[in-house]
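Novice: What follows is the file start27.cif, containing mmCIF, C-alpha atoms:
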data_input
loop_
_atom_site.label_atom_id
_atom_site.label_comp_id
_atom_site.auth_asym_id
_atom_site.auth_seq_id
_atom_site.Cartn_x
_atom_site.Cartn_y
_atom_site.Cartn_z
CA ASN J 1 0.00 0.00 0.00
CA ASN J 2 0.98 3.69 -0.07
CA ASN J 3 0.93 4.17 3.71
CA ASP J 4 3.85 5.80 5.50
CA SER J 5 4.06 2.88 7.95
CA GLY J 6 2.40 -0.33 9.02
CA PRO J 7 1.93 -3.74 7.35
CA GLY J 8 2.35 -3.66 3.59
CA SER J 9 4.09 -0.27 3.59
CA LEU J 10 7.44 0.61 2.05
CA ARG J 11 8.73 1.53 5.51
CA ALA J 12 7.85 -1.93 6.83
CA CYS J 13 9.90 -3.58 4.07
CA VAL J 14 12.86 -1.23 4.31
CA MET J 15 13.01 -1.40 8.10
CA ALA J 16 12.73 -5.22 8.24
CA SER J 17 15.83 -7.32 8.93
CA GLY J 18 17.47 -9.98 6.81
CA PRO J 19 17.81 -10.25 3.02
CA ARG J 20 14.69 -8.71 1.44
CA THR J 21 13.35 -7.28 -1.80
CA CYS J 22 10.61 -4.66 -1.82
CA VAL J 23 8.20 -5.61 -4.62
CA PHE J 24 5.46 -3.09 -5.46
CA ARG J 25 1.88 -3.99 -6.27
CA VAL J 26 0.83 -0.34 -6.20
CA ALA J 27 2.32 2.82 -7.69
CA GLY J 28 1.89 6.51 -6.84
CA LEU J 29 3.09 8.74 -4.00
CA PHE J 30 4.59 7.07 -0.92
CA PRO J 31 4.71 9.78 1.78
CA ILE J 32 7.49 9.91 4.37
CA THR J 33 5.92 11.92 7.18
CA SER J 34 6.71 10.11 10.45
CA GLY J 35 10.47 10.73 10.45
CA ASP J 36 13.52 9.54 8.54
CA LEU J 37 13.25 6.36 6.51
CA ARG J 38 16.65 5.25 7.77
CA PHE J 39 17.70 1.63 8.15
CA ALA J 40 20.70 -0.39 9.34
CA SER J 41 19.92 -3.97 8.31
CA PRO J 42 21.85 -5.03 5.17
CA TYR J 43 20.88 -6.90 2.00
CA LEU J 44 18.01 -4.70 0.82
CA THR J 45 16.75 -4.27 -2.75
CA VAL J 46 14.04 -1.70 -3.48
CA ALA J 47 12.75 -2.81 -6.91
CA GLY J 48 10.69 0.15 -8.05
CA GLN J 49 10.52 -1.28 -11.55
CA THR J 50 8.02 -3.89 -10.27
CA ALA J 51 5.33 -1.24 -9.62
CA PRO J 52 2.40 -0.76 -12.02
CA GLY J 53 3.55 2.78 -12.74
CA GLU J 54 5.72 5.45 -11.13
CA VAL J 55 6.92 5.26 -7.52
CA ILE J 56 7.48 8.68 -5.90
CA ILE J 57 8.86 8.70 -2.35
CA GLY J 58 8.33 11.87 -0.32
CA GLY J 59 5.91 14.59 -1.28
CA SER J 60 4.94 17.95 0.10
CA ASN J 61 4.71 16.77 3.72
CA THR J 62 8.13 15.10 3.81
CA ASN J 63 9.72 14.94 7.24
CA GLY J 64 13.44 14.09 7.26
CA ALA J 65 15.54 11.87 5.02
CA LEU J 66 13.72 9.90 2.34
CA PHE J 67 16.23 7.03 2.15
CA GLY J 68 18.86 6.87 4.85
CA ILE J 69 21.35 4.03 4.36
CA SER J 70 23.39 3.02 7.40
CA THR J 71 24.45 -0.43 6.23
CA HIS J 72 25.89 -2.39 3.30
CA ASP J 73 24.62 -4.33 0.27
CA VAL J 74 21.76 -2.09 -0.85
CA VAL J 75 20.19 -1.65 -4.31
CA LEU J 76 17.75 1.19 -5.03
CA ARG J 77 16.15 1.18 -8.50
CA TYR J 78 13.47 3.04 -10.46
CA VAL J 79 12.06 5.39 -7.83
CA THR J 80 11.70 9.16 -7.64
CA MET J 81 12.92 10.96 -4.52
CA SER J 82 10.92 14.15 -4.10
CA PRO J 83 11.31 15.72 -0.63
CA ASP J 84 9.48 18.88 -1.70
CA ASN J 85 8.21 20.22 1.62
CA PHE J 86 7.93 23.95 1.00
CA ASN J 87 7.59 24.68 4.73
CA VAL J 88 10.96 23.19 5.79
CA ILE J 89 13.77 25.77 5.90
CA SER J 90 16.57 25.01 3.47
CA GLY J 91 20.28 25.27 4.18
CA PRO J 92 23.56 23.45 4.68
CA ASP J 93 22.50 22.11 8.09
CA THR J 94 18.71 21.97 7.69
CA GLY J 95 16.21 20.93 5.08
CA THR J 96 14.96 17.71 3.57
CA THR J 97 17.31 15.20 1.94
CA SER J 98 16.89 12.35 -0.53
CA ILE J 99 19.61 9.66 -0.45
CA TRP J 100 21.73 9.78 2.68
CA ILE J 101 24.52 7.19 3.13
CA VAL J 102 25.57 7.87 6.68
CA ASN J 103 27.48 6.62 9.72
CA CYS J 104 28.04 2.92 9.11
CA GLY J 105 29.96 1.25 11.89
CA GLY J 106 33.59 0.16 11.82
CA ASN J 107 35.66 -1.98 14.13
CA GLY J 108 37.90 0.67 15.62
CA THR J 109 40.25 0.89 12.62
CA LEU J 110 40.28 3.35 9.73
CA ASN J 111 39.79 0.92 6.87
CA THR J 112 37.12 -1.69 7.58
CA GLY J 113 33.36 -1.76 7.79
CA GLY J 114 31.42 1.26 6.67
CA CYS J 115 28.69 1.61 4.03
CA TYR J 116 29.56 -0.38 0.92
CA ASN J 117 28.21 -2.45 -1.98
CA ILE J 118 25.52 0.15 -2.74
CA ILE J 119 23.96 0.75 -6.16
CA VAL J 120 21.59 3.60 -7.05
CA ASP J 121 20.15 2.94 -10.51
CA HIS J 122 17.61 4.89 -12.62
CA VAL J 123 16.56 7.10 -9.71
CA THR J 124 15.23 10.65 -10.00
CA THR J 125 16.10 13.10 -7.21
CA ARG J 126 14.53 16.55 -7.28
CA TRP J 127 13.45 19.54 -5.18
CA SER J 128 15.65 18.70 -2.20
CA GLY J 129 15.78 21.22 0.61
CA ASN J 130 19.34 20.31 1.55
CA LYS J 131 21.10 17.60 -0.48
CA SER J 132 19.87 15.04 -2.98
CA TRP J 133 22.72 12.55 -2.41
CA ILE J 134 25.46 12.50 0.19
CA THR J 135 27.77 10.09 1.96
CA THR J 136 28.69 11.10 5.49
CA SER J 137 30.89 9.72 8.27
CA ASN J 138 30.61 11.84 11.38
CA TYR J 139 32.82 9.83 13.73
CA THR J 140 36.39 8.88 12.86
CA PRO J 141 37.29 5.84 15.02
CA LEU J 142 40.68 6.86 16.35
CA ILE J 143 39.80 10.53 16.70
CA ASN J 144 36.53 10.50 18.59
CA GLY J 145 38.06 8.79 21.60
CA ASN J 146 36.17 5.51 21.97
CA GLY J 147 37.64 3.53 19.07
CA ASN J 148 34.19 2.54 17.82
CA GLY J 149 33.46 5.21 15.25
CA ASP J 150 32.34 4.89 11.65
CA GLY J 151 33.87 2.75 8.98
CA PRO J 152 34.72 4.22 5.56
CA ASN J 153 32.12 4.56 2.80
CA HIS J 154 33.31 2.65 -0.29
CA GLU J 155 32.20 0.60 -3.33
CA ILE J 156 29.21 2.84 -4.14
CA THR J 157 27.89 3.35 -7.68
CA THR J 158 25.23 5.81 -8.83
CA GLN J 159 24.16 5.30 -12.43
CA TRP J 160 21.53 6.34 -14.98
CA SER J 161 19.99 8.78 -12.49
CA LEU J 162 18.52 12.28 -12.88
CA ASP J 163 18.95 15.16 -10.41
CA TYR J 164 17.49 18.63 -10.77
CA GLU J 165 16.28 21.86 -9.14
CA PRO J 166 17.46 21.80 -5.53
CA HIS J 167 16.01 24.49 -3.27
CA GLU J 168 17.21 28.00 -4.13
CA GLY J 169 18.35 28.48 -0.53
CA HIS J 170 20.99 25.75 -0.90
CA PRO J 171 21.17 24.66 -4.56
CA VAL J 172 23.91 22.05 -4.34
CA GLY J 173 24.40 18.67 -5.97
CA TYR J 174 25.90 15.39 -4.77
CA GLY J 175 28.81 15.10 -2.37
CA THR J 176 30.87 13.13 0.13
CA ALA J 177 31.74 14.28 3.63
CA THR J 178 33.59 12.90 6.62
CA ASP J 179 34.33 13.87 10.20
CA GLU J 180 35.02 17.60 9.89
CA THR J 181 36.96 17.62 13.14
CA CYS J 182 39.59 15.33 11.60
CA VAL J 183 42.64 16.85 9.89
CA GLY J 184 44.99 14.57 8.00
CA THR J 185 46.72 13.39 4.85
CA LEU J 186 46.80 10.17 2.80
CA SER J 187 48.67 8.53 5.65
CA GLY J 188 45.89 9.30 8.14
CA PRO J 189 44.32 9.61 10.58
CA CYS J 190 40.99 10.39 8.84
CA LEU J 191 38.54 8.12 7.04
CA SER J 192 38.81 9.84 3.63
CA PRO J 193 41.84 7.85 2.35
CA SER J 194 39.87 4.61 2.84
CA GLU J 195 36.72 5.87 1.11
CA LYS J 196 37.37 4.32 -2.30
CA ASN J 197 35.50 3.60 -5.51
CA ILE J 198 32.62 6.02 -5.07
CA ASP J 199 31.66 6.12 -8.74
CA PHE J 200 29.13 7.86 -10.99
CA HIS J 201 28.26 7.13 -14.59
CA HIS J 202 25.48 7.97 -17.06
CA ASN J 203 23.76 10.49 -14.77
CA MET J 204 22.19 13.85 -15.65
CA PHE J 205 22.18 17.05 -13.56
CA VAL J 206 20.10 20.09 -14.57
CA ASN J 207 19.59 23.47 -12.86
CA VAL J 208 21.95 22.67 -9.97
CA GLY J 209 24.08 25.54 -8.64
CA HIS J 210 27.40 23.86 -7.81
CA ARG J 211 29.06 20.85 -6.10
CA ILE J 212 28.24 18.46 -8.94
CA PRO J 213 29.74 16.69 -7.09
CA GLU J 214 31.90 17.94 -4.23
CA ASN J 215 34.00 14.98 -3.13
CA SER J 216 36.82 14.41 -0.68
CA ASN J 217 37.50 10.68 -0.83
CA PHE J 218 40.35 8.54 -2.12
CA SER J 219 39.00 7.51 -5.54
CA THR J 220 36.08 8.35 -7.82
CA ARG J 221 35.26 7.65 -11.45
CA TRP J 222 33.08 10.38 -13.00
CA VAL J 223 32.16 8.97 -16.40
CA ASN J 224 29.49 9.78 -19.03
CA ASN J 225 27.55 12.32 -17.01
CA ILE J 226 25.62 15.29 -18.47
CA ILE J 227 25.66 18.53 -16.47
CA TYR J 228 23.52 21.39 -17.76
CA ASN J 229 22.98 24.91 -16.44
CA TRP J 230 24.97 25.45 -13.22
CA ASN J 231 25.67 28.87 -11.75
CA TYR J 232 29.07 28.63 -10.00
CA TYR J 233 31.06 25.52 -10.94
CA ALA J 234 30.39 21.85 -11.66
CA ASN J 235 33.00 19.36 -10.36
CA GLU J 236 34.93 20.10 -7.15
CA TRP J 237 37.53 17.48 -6.21
CA LEU J 238 39.15 18.21 -2.85
CA GLY J 239 42.56 17.05 -1.69
CA ALA J 240 44.69 14.03 -2.55
CA GLU J 241 42.05 12.19 -4.54
CA GLN J 242 42.42 9.83 -7.49
CA ILE J 243 39.90 11.05 -10.05
CA ASP J 244 38.85 9.94 -13.52
CA ASP J 245 36.81 12.64 -15.33
CA ILE J 246 36.03 10.92 -18.62
CA ASN J 247 33.64 11.53 -21.54
CA ASN J 248 31.22 13.87 -19.79
CA LYS J 249 29.23 16.80 -21.16
CA PHE J 250 29.31 20.21 -19.45
CA ILE J 251 26.72 22.36 -21.25
CA THR J 252 26.12 25.96 -20.18
CA GLY J 253 22.71 27.62 -19.78
CA ASN J 254 21.08 30.80 -18.53
CA LEU J 255 22.44 30.36 -14.99
CA ASN J 256 26.06 30.26 -16.16
CA SER J 257 26.45 33.99 -16.69
CA GLY J 258 28.19 34.38 -13.32
CA ALA J 259 29.90 31.02 -13.20
CA GLN J 260 33.63 30.45 -12.96
CA ALA J 261 35.46 29.93 -16.24
CA HIS J 262 36.19 26.22 -15.84
CA PRO J 263 33.71 23.48 -14.85
CA ILE J 264 36.27 21.09 -13.27
CA HIS J 265 38.19 22.09 -10.11
CA PHE J 266 41.04 20.47 -8.17
CA THR J 267 42.87 21.57 -5.02
CA THR J 268 45.42 20.23 -2.56
CA ASN J 269 43.51 21.94 0.23
CA SER J 270 41.18 19.52 2.00
CA PRO J 271 41.41 19.29 5.79
CA GLU J 272 40.68 15.55 5.91
CA MET J 273 43.02 14.55 3.08
CA SER J 274 45.41 17.32 2.08
CA GLY J 275 47.90 16.67 -0.69
CA ASP J 276 48.30 16.48 -4.46
CA PRO J 277 45.54 14.80 -6.45
CA SER J 278 46.09 12.26 -9.23
CA VAL J 279 43.75 13.03 -12.15
CA TYR J 280 42.87 11.83 -15.63
CA VAL J 281 40.68 14.17 -17.67
CA ASP J 282 39.79 13.04 -21.18
CA GLY J 283 37.05 13.03 -23.81
CA ASN J 284 34.85 15.73 -22.27
CA ILE J 285 32.62 18.28 -24.04
CA PHE J 286 32.25 21.85 -22.71
CA GLY J 287 30.21 24.55 -24.40
CA ALA J 288 26.88 26.18 -25.13
CA PRO J 289 23.68 24.25 -25.98
CA GLY J 290 24.16 22.29 -29.16
CA THR J 291 27.89 21.77 -28.62
CA ASN J 292 28.76 18.15 -29.33
CA SER J 293 32.48 18.08 -30.12
CA VAL J 294 35.15 16.97 -27.67
CA ASN J 295 37.37 19.86 -26.58
CA SER J 296 40.87 19.60 -27.98
CA ASP J 297 42.57 21.05 -24.88
CA GLN J 298 40.99 19.17 -22.00
CA TYR J 299 43.12 20.59 -19.20
CA GLY J 300 43.35 24.11 -20.60
CA GLU J 301 39.67 24.59 -21.40
CA LEU J 302 37.94 22.60 -18.65
CA VAL J 303 40.26 22.39 -15.61
CA SER J 304 41.49 24.87 -13.00
CA GLN J 305 43.19 24.71 -9.64
CA ILE J 306 41.34 26.44 -6.79
CA THR J 307 42.33 27.76 -3.38
CA GLY J 308 40.07 25.37 -1.43
CA GLU J 309 36.44 24.46 -0.97
CA ASN J 310 34.31 26.87 -3.04
CA GLY J 311 37.53 28.80 -3.67
CA ASP J 312 38.76 31.07 -6.42
CA GLU J 313 40.33 29.70 -9.57
CA THR J 314 44.12 30.15 -9.55
CA GLY J 315 45.17 28.73 -12.91
CA ALA J 316 46.27 25.51 -14.54
CA ILE J 317 47.00 22.41 -12.51
CA PRO J 318 50.63 21.20 -12.56
CA ASP J 319 51.61 18.39 -14.91
CA SER J 320 52.64 16.29 -11.91
CA TRP J 321 48.96 15.89 -11.01
CA LYS J 322 48.06 14.44 -14.42
CA ARG J 323 47.87 10.69 -14.86
CA GLY J 324 48.58 9.04 -18.22
CA GLY J 325 45.48 6.84 -18.20
CA PRO J 326 42.35 5.91 -16.27
CA LEU J 327 42.20 4.08 -12.97
CA ASP J 328 42.10 0.32 -12.99
CA ALA J 329 38.62 -1.15 -12.72
CA SER J 330 37.52 -1.57 -9.11
CA ASN J 331 35.93 -4.97 -9.74
CA SER J 332 35.09 -7.45 -12.49
CA PHE J 333 32.32 -5.20 -13.85
CA PRO J 334 34.20 -2.13 -15.13
CA ILE J 335 32.55 1.10 -16.23
CA VAL J 336 32.93 1.10 -20.03
CA PRO J 337 32.82 4.73 -21.23
CA ASP J 338 30.59 5.67 -24.15
CA PRO J 339 31.75 8.54 -26.40
CA ALA J 340 30.57 11.87 -25.02
CA THR J 341 29.23 12.68 -28.49
CA SER J 342 26.75 9.78 -28.18
CA LEU J 343 25.39 10.52 -24.70
CA ASP J 344 22.22 12.33 -25.81
CA ASN J 345 21.14 9.40 -27.96
CA ILE J 346 22.12 6.82 -25.35
CA MET J 347 20.77 8.45 -22.19
CA LEU J 348 17.88 10.83 -22.72
CA SER J 349 15.12 8.33 -23.38
CA THR J 350 15.59 6.36 -20.15
CA VAL J 351 17.65 8.37 -17.64
CA GLY J 352 16.04 8.68 -14.21
CA ASN J 353 12.90 6.95 -13.01
CA SER J 354 11.56 6.61 -16.52
CA GLN J 355 10.00 3.14 -16.85
CA HIS J 356 8.79 -0.05 -15.24
CA LEU J 357 8.33 -3.68 -16.20
CA ASP J 358 4.90 -4.93 -17.24
CA CYS J 359 3.63 -8.38 -16.35
CA SER J 360 5.24 -9.97 -19.40
CA GLY J 361 8.66 -8.53 -18.60
CA SER J 362 8.67 -5.68 -21.16
CA TRP J 363 9.74 -2.14 -20.31
CA VAL J 364 6.95 0.49 -20.32
CA SER J 365 7.57 4.24 -20.07
CA HIS J 366 6.07 6.18 -17.16
CA ARG J 367 8.22 9.32 -17.24
CA ASP J 368 6.29 12.08 -15.50
CA SER J 369 5.76 15.65 -16.64
CA ALA J 370 8.42 17.17 -14.38
CA ASP J 371 11.18 14.81 -15.56
CA GLN J 372 10.10 15.35 -19.17
CA ARG J 373 10.18 19.12 -18.68
CA ILE J 374 13.81 18.87 -17.54
CA VAL J 375 14.90 16.58 -20.37
CA SER J 376 13.17 18.88 -22.89
CA GLN J 377 14.84 21.93 -21.35
CA TYR J 378 18.23 20.38 -21.97
CA GLN J 379 17.33 19.22 -25.49
CA ASN J 380 16.10 22.70 -26.44
CA GLY J 381 18.81 24.68 -24.64
CA GLY J 382 16.10 26.35 -22.57
CA GLY J 383 16.35 28.41 -19.40
CA GLY J 384 15.63 27.20 -15.89
CA GLY J 385 16.20 27.88 -12.24
CA PHE J 386 16.14 26.37 -8.80
CA TRP J 387 13.19 25.12 -6.76
CA PRO J 388 10.73 26.58 -5.89
CA ASN J 389 9.25 27.64 -9.18
CA GLY J 390 12.22 29.01 -11.05
CA VAL J 391 13.82 31.27 -8.42
CA THR J 392 17.36 31.73 -9.72
CA PHE J 393 19.40 33.11 -6.85
CA SER J 394 20.06 32.49 -3.18
CA GLY J 395 19.16 34.78 -0.31
CA GLN J 396 15.69 35.77 -1.43
CA ALA J 397 13.02 35.69 1.25
CA LEU J 398 10.39 33.23 0.13
CA SER J 399 6.69 33.96 0.34
CA GLY J 400 3.45 32.28 -0.62
CA ALA J 401 3.80 33.82 -4.06
CA ASP J 402 6.87 31.65 -4.61
CA ALA J 403 5.02 28.42 -3.86
CA PRO J 404 5.49 25.88 -6.61
CA THR J 405 2.86 25.75 -9.34
CA SER J 406 1.72 22.54 -10.96
CA ASN J 407 4.95 22.14 -12.93
CA TRP J 408 6.81 21.84 -9.64
CA GLN J 409 4.51 19.36 -7.93
CA ASP J 410 4.30 15.57 -7.94
CA HIS J 411 1.93 14.03 -10.46
CA PRO J 412 2.73 10.31 -10.42
CA VAL J 413 1.99 8.35 -13.57
CA THR J 414 -0.16 5.38 -12.54
CA GLY J 415 -3.04 3.28 -13.83
CA PHE J 416 -1.08 0.37 -15.28
CA THR J 417 -2.01 -3.26 -14.61
CA ALA J 418 -0.83 -4.76 -11.34
CA CYS J 419 0.70 -8.21 -11.74
CA GLN J 420 -0.49 -11.38 -10.05
CA GLU J 421 2.17 -13.27 -8.07
CA SER J 422 0.80 -16.52 -6.69
CA GLN J 423 4.11 -17.36 -5.02
CA HIS J 424 4.72 -13.85 -3.67
CA ASP J 425 8.20 -14.06 -5.17
CA GLY J 426 8.32 -10.94 -7.32
CA ILE J 427 7.90 -12.98 -10.54
CA PRO J 428 4.52 -12.34 -12.21
CA ASP J 429 2.33 -15.31 -13.07
CA GLN J 430 1.87 -13.78 -16.52
CA TRP J 431 5.61 -13.95 -17.18
CA LYS J 432 5.83 -17.54 -15.92
CA THR J 433 2.93 -18.57 -18.12
CA LEU J 434 4.50 -16.81 -21.11
CA LYS J 435 7.68 -18.82 -20.55
CA GLY J 436 5.81 -22.11 -20.04
CA LEU J 437 6.61 -22.26 -16.33
CA ASN J 438 4.48 -23.50 -13.45
CA THR J 439 2.81 -20.77 -11.37
CA SER J 440 2.32 -22.87 -8.24
CA ASP J 441 5.67 -24.65 -7.80
CA PRO J 442 7.31 -23.13 -4.69
CA ASN J 443 10.74 -24.34 -5.88
CA LEU J 444 10.50 -22.66 -9.28
CA TYR J 445 12.66 -19.67 -8.50
CA LYS J 446 15.16 -21.42 -6.23
CA THR J 447 18.64 -22.36 -7.35
CA VAL J 448 19.11 -26.07 -7.92
CA ALA J 449 22.53 -27.40 -6.85
#
Translate the structure of the given file into structure tokens.

Specialist:
Amino acid sequence: NNNDSGPGSLRACVMASGPRTCVFRVAGLFPITSGDLRFASPYLTVAGQTAPGEVIIGGSNTNGALFGISTHDVVLRYVTMSPDNFNVISGPDTGTTSIWIVNCGGNGTLNTGGCYNIIVDHVTTRWSGNKSWITTSNYTPLINGNGNGDGPNHEITTQWSLDYEPHEGHPVGYGTATDETCVGTLSGPCLSPSEKNIDFHHNMFVNVGHRIPENSNFSTRWVNNIIYNWNYYANEWLGAEQIDDINNKFITGNLNSGAQAHPIHFTTNSPEMSGDPSVYVDGNIFGAPGTNSVNSDQYGELVSQITGENGDETGAIPDSWKRGGPLDASNSFPIVPDPATSLDNIMLSTVGNSQHLDCSGSWVSHRDSADQRIVSQYQNGGGGGFWPNGVTFSGQALSGADAPTSNWQDHPVTGFTACQESQHDGIPDQWKTLKGLNTSDPNLYKTVA
């Protein structure tokens, strides 16, 4: 059902213990009003593609974090995160959030435990009051005094997802953060050097001010992402990170008139992990709407050194920071870059929470009007702003006149056929019948040794 809590609710599935998959027999808006949807039991899959239509988590009465991960082995697919509560004050330390990967336990060391083996796939995040996506570790084990602080966040992939229009009071994108009281280098004593393989590919960001992303962790692959219409800068890589910035598109829009000259920033200055970065920048496109040619001078046209977080550009990065090739794959399923010139054709039809599976196993589109408005804005080189309702600068006092109109409200696409599952196993009877399989055999879906 669509209830915030109780039997049959999304919260009941997410908050359960043990290996579990959330299968949806209803679509629509799933409100989060009774506090954070934050869980600590591992081995969770939220399979939004099983719903008979669009799944939107949040809504105008959102209270807290929509999806707070404090564990490992989590898959989140085909849902929209929309924490659009107009009455919650926005800001760096307040406001609603979407995906929050936070404070997973360690064992008293700096390099074990933590939040890991997490995949975010075909998710839309929009209208966040604070942040749409963030990893956070607030308690470094050997610094906070008790030896039982957080473990490092690592092995996290966000792919094929769409993020747009954060609140104008704090219009930031994705980011990683660790214990801000910890000051260190690659040799310690902070968690950042152990926060590895936090990767992003085939995502799209539209009408986001800056920090797309802002990361301070040991290694990240930023591959095949489209960023359109920022107002300050796009990528900010802080400290002694290993970064691949490969085959992305950075396309300017109406908000870019006051932006810094280069979309990609590096600095040695990061309190948790100070030192020289190791970077590989290649195959990227930077220009006005319609630009679709790879820039010939990647480092000269796209990259600048900065003084520190949100700092001023100070010129070209030294050659000693540049790596001759990309990072090795982190596992046996490497990110294979597509050409940046092909991204529009490859991504735009399905990026974000765009479709679900019908009862026969075929993909069916359910992209809603807000997501389509954003994709069309990018395709047409149109203007846009932050939430609510197109406000384009920070610091403005909001009033009822600024309240979002229909274009900035949730209108879930529903009305598709719900599937019958006699075995309650997430496999529709219609699909089994189509494949000539028995619909009543309880061993049908189990692995046979």

Novice: Counting all atoms listed in the file, I want the residues whose atoms come within 10 Å of (6.0, 15.7, -11.6) in the file frame, returned as an mmCIF file with C-alpha atoms, in the coordinates of the input.

Specialist:
data_model
loop_
_atom_site.group_PDB
_atom_site.id
_atom_site.type_symbol
_atom_site.label_atom_id
_atom_site.label_comp_id
_atom_site.auth_asym_id
_atom_site.auth_seq_id
_atom_site.Cartn_x
_atom_site.Cartn_y
_atom_site.Cartn_z
ATOM 1 C CA ILE J 56 7.480 8.680 -5.900
ATOM 2 C CA THR J 80 11.700 9.160 -7.640
ATOM 3 C CA SER J 82 10.920 14.150 -4.100
ATOM 4 C CA ARG J 126 14.530 16.550 -7.280
ATOM 5 C CA ARG J 367 8.220 9.320 -17.240
ATOM 6 C CA ASP J 368 6.290 12.080 -15.500
ATOM 7 C CA SER J 369 5.760 15.650 -16.640
ATOM 8 C CA ALA J 370 8.420 17.170 -14.380
ATOM 9 C CA ASP J 371 11.180 14.810 -15.560
ATOM 10 C CA GLN J 372 10.100 15.350 -19.170
ATOM 11 C CA ARG J 373 10.180 19.120 -18.680
ATOM 12 C CA SER J 406 1.720 22.540 -10.960
ATOM 13 C CA ASN J 407 4.950 22.140 -12.930
ATOM 14 C CA TRP J 408 6.810 21.840 -9.640
ATOM 15 C CA GLN J 409 4.510 19.360 -7.930
ATOM 16 C CA ASP J 410 4.300 15.570 -7.940
ATOM 17 C CA HIS J 411 1.930 14.030 -10.460
ATOM 18 C CA PRO J 412 2.730 10.310 -10.420
ATOM 19 C CA VAL J 413 1.990 8.350 -13.570
#

Novice: Could you tell me how far CA of Tyr280 in chain J sits from CA of Gln159 in chain J, in Å to one decimal place?

Specialist: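 Going from CA of Gln159 in chain J over to CA of Tyr280 in chain J covers 20.1 Å.
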
Novice: Considering all atoms listed in the file, return as a PDB file with C-alpha atoms, keeping the file's coordinate frame whatever protein or nucleic-acid residues lie within 8 Å of Ile57 in chain J, sequence-local ones (same chain, fewer than 5 positions apart) excluded.

Specialist:
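So the final result, stored in part-v1.pdb, reads:
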ATOM      1  CA  LEU J  29       3.090   8.740  -4.000  1.00  0.00           C
ATOM      2  CA  PHE J  30       4.590   7.070  -0.920  1.00  0.00           C
ATOM      3  CA  PRO J  31       4.710   9.780   1.780  1.00  0.00           C
ATOM      4  CA  ILE J  32       7.490   9.910   4.370  1.00  0.00           C
ATOM      5  CA  LEU J  66      13.720   9.900   2.340  1.00  0.00           C
ATOM      6  CA  VAL J  79      12.060   5.390  -7.830  1.00  0.00           C
ATOM      7  CA  THR J  80      11.700   9.160  -7.640  1.00  0.00           C
ATOM      8  CA  MET J  81      12.920  10.960  -4.520  1.00  0.00           C
ATOM      9  CA  SER J  82      10.920  14.150  -4.100  1.00  0.00           C
ATOM     10  CA  PRO J  83      11.310  15.720  -0.630  1.00  0.00           C
TER      11      PRO J  83
END

Novice: Pull the neighbourhood of (35.3, 9.4, -11.7) for me: all residues within 8 Å in file coordinates, counting all atoms listed in the file, as a ChimeraX atom specification.

Specialist: /J:198-201,219-223,243-246

Novice: Evaluate the PyMOL selection byres ((chain J and resi 299) around 10) against this structure - the residues, as a count of residues only, please.

Specialist: 18

Novice: Applied to this file, what does the PyMOL selection byres ((chain J and resi 289) around 8) return in terms of residues, put as an NGL selection string?

Specialist: :J and (251-253 or 287-288 or 290-291 or 378 or 380-381)

Novice: Could you jot down the CA of Glu168 in chain J to CA of Phe386 in chain J separation for me, Å, one decimal place?

Specialist: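 Interatomic distance, CA of Glu168 in chain J to CA of Phe386 in chain J: 5.1 Å.
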
Novice: When the PyMOL selection byres ((chain J and resi 127) around 6) is applied to the structure above, which residues does it catch, written out as a list in words?

Specialist: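 Taken on the displayed file, the PyMOL selection byres ((chain J and resi 127) around 6) yields the residues Asp84, Arg126, Ser128, Glu165, Pro166, His167 and Trp387 of chain J.
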
Novice: Counting only C-alpha atoms, give me one row per residue of range 337-371 of chain J with an atom at most 9 Å from an atom of range 427-430 of chain J, showing the shortest contact pair and its distance in Å to one decimal, sorted by chain then residue number, as a tab-separated table.

Specialist:
residue	atom	partner	partner_atom	distance
J:Asp358	CA	J:Pro428	CA	9.0
J:Cys359	CA	J:Gln430	CA	5.7
J:Ser360	CA	J:Gln430	CA	5.8
J:Gly361	CA	J:Pro428	CA	8.5

Novice: Quick one: write out the picked residues with C-alpha atoms as a compact mmCIF listing (two decimals), keeping the file's coordinate frame?

Specialist:
# COMPACT_ATOMS: atom_id res chain seq x y z
CA ASP J 358 4.90 -4.93 -17.24
CA CYS J 359 3.63 -8.38 -16.35
CA SER J 360 5.24 -9.97 -19.40
CA GLY J 361 8.66 -8.53 -18.60

Novice: Fewer than 6 positions away in the same chain doesn't count, so skip those; otherwise give me all residues within 10 Å of Pro141 in chain J, counting only C-alpha atoms, as a compact mmCIF listing (two decimals) with C-alpha atoms, in the frame of the given file.

Specialist:
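Generated output (part_18.txt):
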# COMPACT_ATOMS: atom_id res chain seq x y z
CA GLY J 105 29.96 1.25 11.89
CA GLY J 106 33.59 0.16 11.82
CA ASN J 107 35.66 -1.98 14.13
CA GLY J 108 37.90 0.67 15.62
CA THR J 109 40.25 0.89 12.62
CA LEU J 110 40.28 3.35 9.73
CA ASN J 111 39.79 0.92 6.87
CA GLY J 147 37.64 3.53 19.07
CA ASN J 148 34.19 2.54 17.82
CA GLY J 149 33.46 5.21 15.25
CA ASP J 150 32.34 4.89 11.65
CA GLY J 151 33.87 2.75 8.98
CA PRO J 152 34.72 4.22 5.56
CA ASP J 179 34.33 13.87 10.20
CA PRO J 189 44.32 9.61 10.58
CA CYS J 190 40.99 10.39 8.84
CA LEU J 191 38.54 8.12 7.04

Novice: Would you compute the distance between CA of Gly145 in chain J and CA of Ser70 in chain J? Give it in Å to one decimal.

Specialist: 21.2 Å

Novice: Write out as JSON, numbers by chain the residues lying within 8 Å of Ile99 in chain J, counting only C-alpha atoms and excluding same-chain residues fewer than 4 positions away.

Specialist: {"J": [65, 66, 67, 68, 69, 81, 132, 133, 134]}
